[in-house]
>>> print(open('query.cif').read())   # mmCIF, C-alpha atoms
data_work
#
loop_
_atom_site.label_atom_id
_atom_site.label_comp_id
_atom_site.auth_asym_id
_atom_site.auth_seq_id
_atom_site.Cartn_x
_atom_site.Cartn_y
_atom_site.Cartn_z
CA MET N 1 0.00 0.00 0.00
CA GLU N 2 1.36 3.39 -0.99
CA THR N 3 0.52 5.08 2.30
CA LEU N 4 2.39 2.42 4.29
CA ASN N 5 5.43 3.05 2.10
CA GLN N 6 5.02 6.78 2.76
CA PHE N 7 5.05 6.15 6.51
CA LYS N 8 8.16 3.97 6.22
CA ASN N 9 9.98 6.50 4.07
CA PHE N 10 8.94 9.34 6.37
CA THR N 11 10.09 7.65 9.57
CA GLN N 12 13.29 6.20 8.07
CA ASN N 13 14.40 9.60 6.85
CA LEU N 14 13.89 11.29 10.22
CA ALA N 15 16.74 12.24 12.49
CA LYS N 16 16.88 9.80 15.39
CA THR N 17 15.36 11.28 18.52
CA ASP N 18 14.54 10.02 21.98
CA GLN N 19 10.90 11.09 21.87
CA MET N 20 7.66 9.74 20.48
CA PRO N 21 5.98 11.29 17.43
CA VAL N 22 2.72 13.21 17.75
CA VAL N 23 -0.38 12.52 15.68
CA PHE N 24 -3.65 14.16 14.84
CA MET N 25 -6.30 11.77 13.55
CA GLY N 26 -9.40 12.78 11.64
CA HIS N 27 -11.71 10.20 13.20
CA GLY N 28 -14.92 10.77 11.23
CA SER N 29 -17.86 8.42 11.68
CA PRO N 30 -17.92 6.03 14.65
CA MET N 31 -18.35 3.25 12.06
CA ASN N 32 -14.66 3.65 11.25
CA GLY N 33 -14.11 1.92 14.58
CA ILE N 34 -15.34 -1.42 13.23
CA GLU N 35 -14.75 -1.05 9.50
CA ASN N 36 -11.54 -1.99 7.72
CA ASN N 37 -11.45 0.88 5.26
CA GLU N 38 -8.87 3.28 3.88
CA PHE N 39 -8.94 5.42 7.02
CA SER N 40 -8.71 2.68 9.63
CA THR N 41 -6.06 0.88 7.57
CA ASN N 42 -3.87 3.96 7.75
CA TRP N 43 -4.37 4.24 11.51
CA THR N 44 -2.94 0.73 11.68
CA ASN N 45 -0.13 1.75 9.35
CA VAL N 46 0.84 4.64 11.62
CA ALA N 47 1.17 2.32 14.61
CA GLN N 48 3.26 -0.10 12.58
CA GLY N 49 5.53 2.68 11.37
CA ILE N 50 6.47 4.11 14.78
CA GLU N 51 7.89 2.78 18.00
CA LYS N 52 5.46 1.07 20.34
CA PRO N 53 4.47 3.63 22.99
CA ALA N 54 4.53 3.20 26.73
CA ALA N 55 1.07 4.84 26.84
CA VAL N 56 -1.28 6.85 24.65
CA LEU N 57 -2.72 10.21 25.73
CA VAL N 58 -5.76 11.18 23.63
CA ILE N 59 -7.21 14.67 23.31
CA SER N 60 -10.63 13.92 21.86
CA ALA N 61 -13.24 16.27 20.46
CA HIS N 62 -15.84 14.36 22.46
CA TRP N 63 -14.67 15.26 25.94
CA PHE N 64 -15.48 18.97 26.09
CA THR N 65 -15.61 20.12 29.72
CA ARG N 66 -15.55 23.16 31.97
CA GLY N 67 -11.98 23.09 33.20
CA THR N 68 -9.42 20.39 32.40
CA LYS N 69 -9.73 16.75 33.43
CA ILE N 70 -7.73 13.59 32.87
CA THR N 71 -8.90 10.00 33.21
CA ALA N 72 -7.22 8.47 36.25
CA MET N 73 -8.81 5.06 36.71
CA ASP N 74 -7.13 1.65 36.39
CA PHE N 75 -9.48 0.50 33.65
CA PRO N 76 -11.35 3.22 31.72
CA PRO N 77 -14.71 2.03 30.38
CA THR N 78 -15.54 2.05 26.69
CA ILE N 79 -18.06 4.85 26.09
CA HIS N 80 -20.60 4.53 23.28
CA ASP N 81 -21.38 8.23 22.99
CA PHE N 82 -23.52 8.13 19.85
CA GLY N 83 -26.89 6.92 18.62
CA GLY N 84 -28.51 5.44 15.55
CA PHE N 85 -25.70 3.04 14.64
CA PRO N 86 -25.74 -0.78 14.28
CA GLN N 87 -25.70 -2.90 17.43
CA ALA N 88 -22.28 -4.25 16.42
CA LEU N 89 -20.78 -0.85 17.18
CA PHE N 90 -22.38 -0.71 20.64
CA ASP N 91 -21.08 -4.22 21.35
CA VAL N 92 -17.44 -3.15 20.98
CA GLN N 93 -15.37 -3.03 24.14
CA TYR N 94 -11.81 -1.75 24.14
CA PRO N 95 -10.42 -2.94 27.49
CA ALA N 96 -7.13 -1.05 27.50
CA PRO N 97 -5.82 -0.25 30.98
CA GLY N 98 -5.41 3.24 32.32
CA ASN N 99 -2.44 4.55 34.28
CA PRO N 100 -3.33 6.55 37.41
CA LEU N 101 0.34 7.34 38.11
CA LEU N 102 0.79 8.82 34.63
CA ALA N 103 -2.48 10.74 35.04
CA ARG N 104 -1.15 12.39 38.21
CA GLU N 105 2.20 13.11 36.56
CA THR N 106 0.45 14.70 33.57
CA ALA N 107 -1.74 16.81 35.85
CA GLU N 108 1.39 18.10 37.59
CA LEU N 109 3.01 18.96 34.24
CA LEU N 110 0.08 21.19 33.29
CA THR N 111 0.95 24.09 35.55
CA SER N 112 -1.21 26.55 33.60
CA ALA N 113 -4.39 24.71 34.54
CA HIS N 114 -5.90 23.03 37.55
CA VAL N 115 -6.34 19.47 36.30
CA GLU N 116 -8.97 17.27 37.90
CA LEU N 117 -8.26 13.54 38.18
CA ASP N 118 -11.41 11.99 36.73
CA HIS N 119 -12.86 8.57 37.57
CA ASP N 120 -16.18 8.88 35.74
CA TRP N 121 -15.42 9.28 32.02
CA GLY N 122 -13.46 6.63 30.12
CA LEU N 123 -12.60 6.24 26.44
CA ASP N 124 -15.10 7.94 24.13
CA HIS N 125 -15.42 7.15 20.44
CA GLY N 126 -12.92 9.84 19.49
CA ALA N 127 -10.37 7.68 21.31
CA TRP N 128 -11.27 4.00 21.04
CA THR N 129 -12.46 3.92 17.42
CA VAL N 130 -8.97 5.02 16.38
CA VAL N 131 -6.76 3.36 18.99
CA ARG N 132 -8.34 -0.09 18.64
CA HIS N 133 -7.08 -0.16 15.03
CA MET N 134 -3.63 1.03 16.10
CA TYR N 135 -3.22 -1.30 19.08
CA PRO N 136 -5.84 -4.05 18.75
CA GLU N 137 -4.46 -6.11 21.64
CA ALA N 138 -5.53 -3.32 24.05
CA ASN N 139 -2.38 -3.89 26.11
CA ILE N 140 -1.11 -0.28 26.12
CA PRO N 141 -2.45 2.17 28.72
CA VAL N 142 -4.76 4.81 27.23
CA LEU N 143 -5.69 8.07 28.97
CA GLN N 144 -7.84 10.99 27.87
CA LEU N 145 -7.30 14.67 28.52
CA SER N 146 -10.40 16.84 28.24
CA ILE N 147 -10.72 20.14 26.37
CA ASP N 148 -11.79 23.16 28.44
CA PHE N 149 -14.63 24.76 26.47
CA THR N 150 -14.23 28.07 28.32
CA GLN N 151 -10.85 28.72 26.70
CA GLY N 152 -9.78 29.69 23.17
CA PRO N 153 -7.22 28.20 20.77
CA ALA N 154 -4.27 30.27 22.00
CA TYR N 155 -4.79 28.99 25.54
CA HIS N 156 -4.95 25.38 24.37
CA TYR N 157 -1.84 25.83 22.22
CA SER N 158 0.13 27.08 25.22
CA LEU N 159 -1.26 24.39 27.52
CA ALA N 160 -0.37 21.64 25.05
CA LYS N 161 3.28 22.69 25.05
CA GLU N 162 3.44 21.71 28.71
CA LEU N 163 2.86 18.10 27.64
CA SER N 164 6.13 17.89 25.71
CA ALA N 165 8.03 16.07 28.48
CA LEU N 166 5.67 13.10 28.09
CA ARG N 167 7.03 12.45 24.60
CA LYS N 168 10.44 11.66 26.09
CA LYS N 169 8.78 9.15 28.40
CA GLY N 170 7.42 7.13 25.50
CA VAL N 171 3.90 8.59 25.54
CA LEU N 172 2.16 8.94 22.18
CA ILE N 173 0.06 12.11 22.22
CA LEU N 174 -2.91 11.80 19.86
CA GLY N 175 -5.33 14.57 18.94
CA SER N 176 -8.62 13.20 17.58
CA GLY N 177 -11.18 15.33 15.76
CA ASN N 178 -11.74 16.61 12.22
CA ILE N 179 -10.23 19.74 10.73
CA VAL N 180 -13.28 20.47 8.58
CA HIS N 181 -16.39 19.41 10.50
CA ASN N 182 -19.83 20.88 9.79
CA LEU N 183 -22.42 18.15 10.35
CA ARG N 184 -25.36 20.49 9.73
CA MET N 185 -24.28 20.84 6.10
CA MET N 186 -23.38 17.19 5.51
CA SER N 187 -24.45 15.65 2.20
CA TRP N 188 -25.38 11.97 2.11
CA GLU N 189 -24.86 12.05 -1.64
CA MET N 190 -21.15 12.61 -0.98
CA ILE N 191 -20.85 10.35 2.04
CA ASN N 192 -18.22 8.15 0.37
CA GLY N 193 -16.16 11.05 -0.92
CA GLY N 194 -16.42 14.63 -2.11
CA GLY N 195 -16.64 18.09 -0.64
CA TYR N 196 -18.38 21.37 -1.19
CA ASP N 197 -16.25 24.09 -2.77
CA TRP N 198 -15.98 25.97 0.53
CA ALA N 199 -14.84 22.80 2.33
CA ILE N 200 -12.18 22.07 -0.27
CA GLU N 201 -10.92 25.66 -0.14
CA ALA N 202 -10.85 25.70 3.68
CA SER N 203 -9.06 22.37 3.73
CA TYR N 204 -6.42 23.67 1.32
CA ARG N 205 -5.78 26.73 3.51
CA PHE N 206 -5.56 24.68 6.68
CA LYS N 207 -3.17 22.17 5.10
CA LYS N 208 -0.95 24.89 3.68
CA ALA N 209 -0.63 26.47 7.11
CA ILE N 210 0.18 23.08 8.65
CA ILE N 211 2.92 22.37 6.11
CA ASP N 212 4.26 25.93 6.39
CA ARG N 213 4.31 25.61 10.21
CA ASP N 214 2.15 28.73 10.35
CA HIS N 215 0.60 27.89 13.67
CA GLN N 216 -0.50 31.44 14.44
CA THR N 217 -2.77 31.44 11.40
CA LEU N 218 -4.28 28.16 12.55
CA ILE N 219 -4.75 29.46 16.08
CA ASN N 220 -6.58 32.47 14.63
CA TYR N 221 -8.62 30.36 12.21
CA GLN N 222 -11.65 32.60 12.58
CA ASN N 223 -9.71 35.26 10.64
CA MET N 224 -9.10 32.90 7.70
CA GLY N 225 -12.29 33.84 5.88
CA SER N 226 -15.85 32.63 5.49
CA GLU N 227 -14.77 29.19 4.23
CA ALA N 228 -12.85 28.52 7.42
CA ARG N 229 -15.76 29.69 9.57
CA LEU N 230 -18.05 27.29 7.73
CA ALA N 231 -15.47 24.53 8.18
CA VAL N 232 -15.22 25.13 11.94
CA PRO N 233 -18.66 26.29 13.12
CA THR N 234 -17.83 25.01 16.62
CA PRO N 235 -14.31 24.42 17.95
CA GLU N 236 -14.41 21.00 19.61
CA HIS N 237 -13.28 18.96 16.58
CA TYR N 238 -10.67 21.52 15.58
CA LEU N 239 -8.91 22.07 18.91
CA PRO N 240 -7.31 18.59 19.04
CA LEU N 241 -5.31 19.67 15.97
CA ILE N 242 -4.04 22.68 17.94
CA TYR N 243 -2.84 20.36 20.71
CA SER N 244 -0.90 18.22 18.25
CA LEU N 245 0.68 21.13 16.39
CA ALA N 246 1.75 22.83 19.61
CA LEU N 247 4.06 19.89 20.29
CA GLN N 248 5.93 20.14 16.99
CA GLY N 249 9.65 20.69 17.49
CA GLU N 250 11.72 23.06 15.36
CA LYS N 251 13.32 20.25 13.36
CA GLU N 252 10.27 18.01 13.12
CA ASN N 253 8.45 17.39 9.88
CA THR N 254 4.82 16.68 9.05
CA LEU N 255 3.18 14.01 6.94
CA LEU N 256 -0.45 14.40 5.88
CA PHE N 257 -2.48 11.25 5.29
CA ASN N 258 -6.14 10.19 4.99
CA ASP N 259 -6.42 13.49 3.14
CA LYS N 260 -9.96 13.16 1.82
CA GLU N 261 -13.23 15.09 1.92
CA VAL N 262 -16.31 13.08 2.85
CA GLY N 263 -19.96 13.95 3.21
CA GLY N 264 -19.46 17.31 1.57
CA SER N 265 -18.57 19.10 4.79
CA LEU N 266 -15.98 16.96 6.58
CA THR N 267 -12.34 16.07 6.01
CA MET N 268 -10.49 13.03 7.30
CA THR N 269 -7.12 14.75 6.94
CA SER N 270 -4.65 13.51 9.54
CA VAL N 271 -1.14 14.57 10.54
CA LEU N 272 1.95 12.70 11.71
CA ILE N 273 4.61 14.89 13.34
CA ALA N 274 8.10 13.51 13.97
#
>>> encode(input="query.cif", output="structure tokens")
Amino acid sequence: METLNQFKNFTQNLAKTDQMPVVFMGHGSPMNGIENNEFSTNWTNVAQGIEKPAAVLVISAHWFTRGTKITAMDFPPTIHDFGGFPQALFDVQYPAPGNPLLARETAELLTSAHVELDHDWGLDHGAWTVVRHMYPEANIPVLQLSIDFTQGPAYHYSLAKELSALRKKGVLILGSGNIVHNLRMMSWEMINGGGYDWAIEASYRFKKAIIDRDHQTLINYQNMGSEARLAVPTPEHYLPLIYSLALQGEKENTLLFNDKEVGGSLTMTSVLIA
């Protein structure tokens, strides 16, 4: 598969470092969690192309809270936070362990926020639908960090930088959302591929800024024009990208993959940073 070769070439050509890569995954429909399609196949390819992590820390669009929380239980439950899908999707359990010690350590790293150790949430579909394809044996600890809905992109960008020490401890930091995500304008006629003109234009601008390392433009996405405002009508699916980009080092490169418009108003575009 061409994308697997791209991952291999990308990782082989990188300067050797002592830290884990960072990823942003466009997670799309919960059905991607049980389907073996082009998107889920590439999630598997990413895991095969990088070192096995000691743990995975997910920043998911689907844990949007007042304040910042981190899952701190021994075994986070699998959350089926959706409706109207086949029973097979609700039957999925992803029994990865948590890591309370790592949760406390992460909370202490985030000095800009008061981080609550949470024992009620678990792994929502922004996390498990992706990670179960990456690490199907569910033998790697998985934690989730919530997104504080009272704060803007610049705050989250700064907060994310405080996570950088985790990369040197073998933790894979994974943002999970969708860069272009406007469900109210979704087209079922384009569900298998295709985007409105505004979505394609917004996607192009976002991707150019990512490749150019123009993070300030991405932080101030609301100033990128009407296409970008249509692409990001609410911030929860976009902010995980900001977390991932904030962790990019000066000499690290980016690889875009799963770069496809679906449903007219969504993109599956994903980013590997290493």
>>> closest_residue(input="query.cif", among="N:Phe90, N:Phe206, N:Tyr196, N:Phe39", to="His27 (chain N)", atoms="all atoms listed in the file")
N:Phe39
>>> atom_distance(input="query.cif", atom1="CA of Gly98 (chain N)", atom2="CA of Ile59 (chain N)")
14.7 Å
>>> closest_atom_pairs(input="query.cif", of="region 100-175 of chain N", to="region 214-232 of chain N", cutoff="12 Å", atoms="all atoms listed in the file", output="tab-separated table")
residue	atom	partner	partner_atom	distance
N:Gly152	CA	N:Ile219	CA	8.7
N:Pro153	CA	N:Ile219	CA	5.4
N:Ala154	CA	N:Ile219	CA	6.0
N:Tyr155	CA	N:Ile219	CA	9.5
N:His156	CA	N:Ile219	CA	9.2
N:Tyr157	CA	N:Ile219	CA	7.7
N:Ser158	CA	N:Ile219	CA	10.6
>>> atom_distance(input="query.cif", atom1="CA of Leu145 (chain N)", atom2="CA of Gly26 (chain N)")
17.1 Å
>>> residues_near_point(input="query.cif", point="(7.0, 18.3, 17.6)", cutoff="10 Å", atoms="all atoms listed in the file", output="mmCIF file with C-alpha atoms, keeping the file's coordinate frame")
data_model
loop_
_atom_site.group_PDB
_atom_site.id
_atom_site.type_symbol
_atom_site.label_atom_id
_atom_site.label_comp_id
_atom_site.auth_asym_id
_atom_site.auth_seq_id
_atom_site.Cartn_x
_atom_site.Cartn_y
_atom_site.Cartn_z
ATOM 1 C CA GLN N 19 10.900 11.090 21.870
ATOM 2 C CA MET N 20 7.660 9.740 20.480
ATOM 3 C CA PRO N 21 5.980 11.290 17.430
ATOM 4 C CA VAL N 22 2.720 13.210 17.750
ATOM 5 C CA VAL N 23 -0.380 12.520 15.680
ATOM 6 C CA LYS N 161 3.280 22.690 25.050
ATOM 7 C CA SER N 164 6.130 17.890 25.710
ATOM 8 C CA ARG N 167 7.030 12.450 24.600
ATOM 9 C CA SER N 244 -0.900 18.220 18.250
ATOM 10 C CA LEU N 245 0.680 21.130 16.390
ATOM 11 C CA ALA N 246 1.750 22.830 19.610
ATOM 12 C CA LEU N 247 4.060 19.890 20.290
ATOM 13 C CA GLN N 248 5.930 20.140 16.990
ATOM 14 C CA GLY N 249 9.650 20.690 17.490
ATOM 15 C CA GLU N 250 11.720 23.060 15.360
ATOM 16 C CA LYS N 251 13.320 20.250 13.360
ATOM 17 C CA GLU N 252 10.270 18.010 13.120
ATOM 18 C CA ASN N 253 8.450 17.390 9.880
ATOM 19 C CA THR N 254 4.820 16.680 9.050
ATOM 20 C CA LEU N 272 1.950 12.700 11.710
ATOM 21 C CA ILE N 273 4.610 14.890 13.340
ATOM 22 C CA ALA N 274 8.100 13.510 13.970
#
>>> resolve_selection(input="query.cif", expression="the PyMOL selection byres ((chain N and resi 47-51) around 8)", output="list in words")
Leu4, Phe7, Lys8, Thr11, Met20, Pro21, Trp43, Thr44, Asn45, Val46, Lys52, Pro53, Met134 and Tyr135 of chain N
>>> residues_around(input="query.cif", residues="Trp63 (chain N)", least_positions_apart="4", cutoff="10 Å", atoms="all atoms listed in the file", output="JSON, numbers by chain")
{"N": [59, 68, 69, 70, 121, 122, 123, 124, 125, 126, 127, 144, 145, 146, 147, 148, 149, 236]}
>>> build_atoms(input="query.cif", residues="region 72-95 of chain N", atoms="N, CA, C and O atoms", output="CSV table (one decimal), in the coordinates of the input")
chain,number,residue,atom,x,y,z
N,72,ALA,N,-8.2,8.9,35.3
N,72,ALA,CA,-7.2,8.5,36.2
N,72,ALA,C,-7.6,7.1,36.9
N,72,ALA,O,-7.1,6.8,38.0
N,73,MET,N,-8.4,6.3,36.2
N,73,MET,CA,-8.8,5.1,36.7
N,73,MET,C,-7.9,3.9,36.2
N,73,MET,O,-7.2,4.1,35.2
N,74,ASP,N,-7.9,2.8,36.8
N,74,ASP,CA,-7.1,1.6,36.4
N,74,ASP,C,-7.6,1.1,35.1
N,74,ASP,O,-6.8,0.7,34.2
N,75,PHE,N,-8.9,1.1,34.9
N,75,PHE,CA,-9.5,0.5,33.6
N,75,PHE,C,-10.6,1.4,33.1
N,75,PHE,O,-11.8,1.3,33.6
N,76,PRO,N,-10.3,2.3,32.2
N,76,PRO,CA,-11.4,3.2,31.7
N,76,PRO,C,-12.4,2.5,30.9
N,76,PRO,O,-12.0,1.6,30.1
N,77,PRO,N,-13.7,2.7,31.1
N,77,PRO,CA,-14.7,2.0,30.4
N,77,PRO,C,-14.8,2.5,28.9
N,77,PRO,O,-14.4,3.6,28.6
N,78,THR,N,-15.3,1.7,28.1
N,78,THR,CA,-15.5,2.0,26.7
N,78,THR,C,-16.9,2.8,26.6
N,78,THR,O,-17.9,2.2,27.0
N,79,ILE,N,-16.8,4.0,26.1
N,79,ILE,CA,-18.1,4.8,26.1
N,79,ILE,C,-18.6,4.8,24.7
N,79,ILE,O,-17.9,5.1,23.7
N,80,HIS,N,-19.9,4.5,24.6
N,80,HIS,CA,-20.6,4.5,23.3
N,80,HIS,C,-21.4,5.8,23.2
N,80,HIS,O,-22.7,5.8,23.4
N,81,ASP,N,-20.8,6.9,22.9
N,81,ASP,CA,-21.4,8.2,23.0
N,81,ASP,C,-21.9,8.6,21.6
N,81,ASP,O,-21.5,9.6,21.0
N,82,PHE,N,-22.9,7.9,21.1
N,82,PHE,CA,-23.5,8.1,19.8
N,82,PHE,C,-24.8,7.4,19.8
N,82,PHE,O,-25.1,6.6,20.7
N,83,GLY,N,-25.6,7.6,18.8
N,83,GLY,CA,-26.9,6.9,18.6
N,83,GLY,C,-27.2,6.6,17.2
N,83,GLY,O,-26.6,7.3,16.3
N,84,GLY,N,-28.1,5.7,16.9
N,84,GLY,CA,-28.5,5.4,15.6
N,84,GLY,C,-27.6,4.6,14.7
N,84,GLY,O,-27.7,4.5,13.5
N,85,PHE,N,-26.6,3.9,15.4
N,85,PHE,CA,-25.7,3.0,14.6
N,85,PHE,C,-26.0,1.6,14.9
N,85,PHE,O,-26.8,1.2,15.8
N,86,PRO,N,-25.5,0.7,14.1
N,86,PRO,CA,-25.7,-0.8,14.3
N,86,PRO,C,-25.3,-1.3,15.7
N,86,PRO,O,-24.4,-0.8,16.3
N,87,GLN,N,-26.0,-2.3,16.1
N,87,GLN,CA,-25.7,-2.9,17.4
N,87,GLN,C,-24.2,-3.3,17.5
N,87,GLN,O,-23.6,-3.3,18.6
N,88,ALA,N,-23.7,-3.8,16.4
N,88,ALA,CA,-22.3,-4.2,16.4
N,88,ALA,C,-21.3,-3.2,17.0
N,88,ALA,O,-20.3,-3.5,17.6
N,89,LEU,N,-21.6,-1.9,16.7
N,89,LEU,CA,-20.8,-0.8,17.2
N,89,LEU,C,-20.9,-0.7,18.7
N,89,LEU,O,-19.9,-0.4,19.4
N,90,PHE,N,-22.1,-0.8,19.2
N,90,PHE,CA,-22.4,-0.7,20.6
N,90,PHE,C,-21.8,-1.9,21.4
N,90,PHE,O,-21.5,-1.8,22.6
N,91,ASP,N,-21.6,-3.0,20.7
N,91,ASP,CA,-21.1,-4.2,21.4
N,91,ASP,C,-19.6,-4.2,21.6
N,91,ASP,O,-19.0,-4.9,22.3
N,92,VAL,N,-18.9,-3.2,20.9
N,92,VAL,CA,-17.4,-3.2,21.0
N,92,VAL,C,-17.0,-2.7,22.4
N,92,VAL,O,-17.5,-1.7,22.9
N,93,GLN,N,-16.0,-3.4,22.9
N,93,GLN,CA,-15.4,-3.0,24.1
N,93,GLN,C,-13.9,-2.9,23.8
N,93,GLN,O,-13.3,-3.8,23.1
N,94,TYR,N,-13.3,-1.9,24.3
N,94,TYR,CA,-11.8,-1.8,24.1
N,94,TYR,C,-11.2,-1.7,25.5
N,94,TYR,O,-11.1,-0.6,26.2
N,95,PRO,N,-10.8,-2.8,26.1
N,95,PRO,CA,-10.4,-2.9,27.5
N,95,PRO,C,-9.0,-2.6,27.8
N,95,PRO,O,-8.3,-3.2,28.6
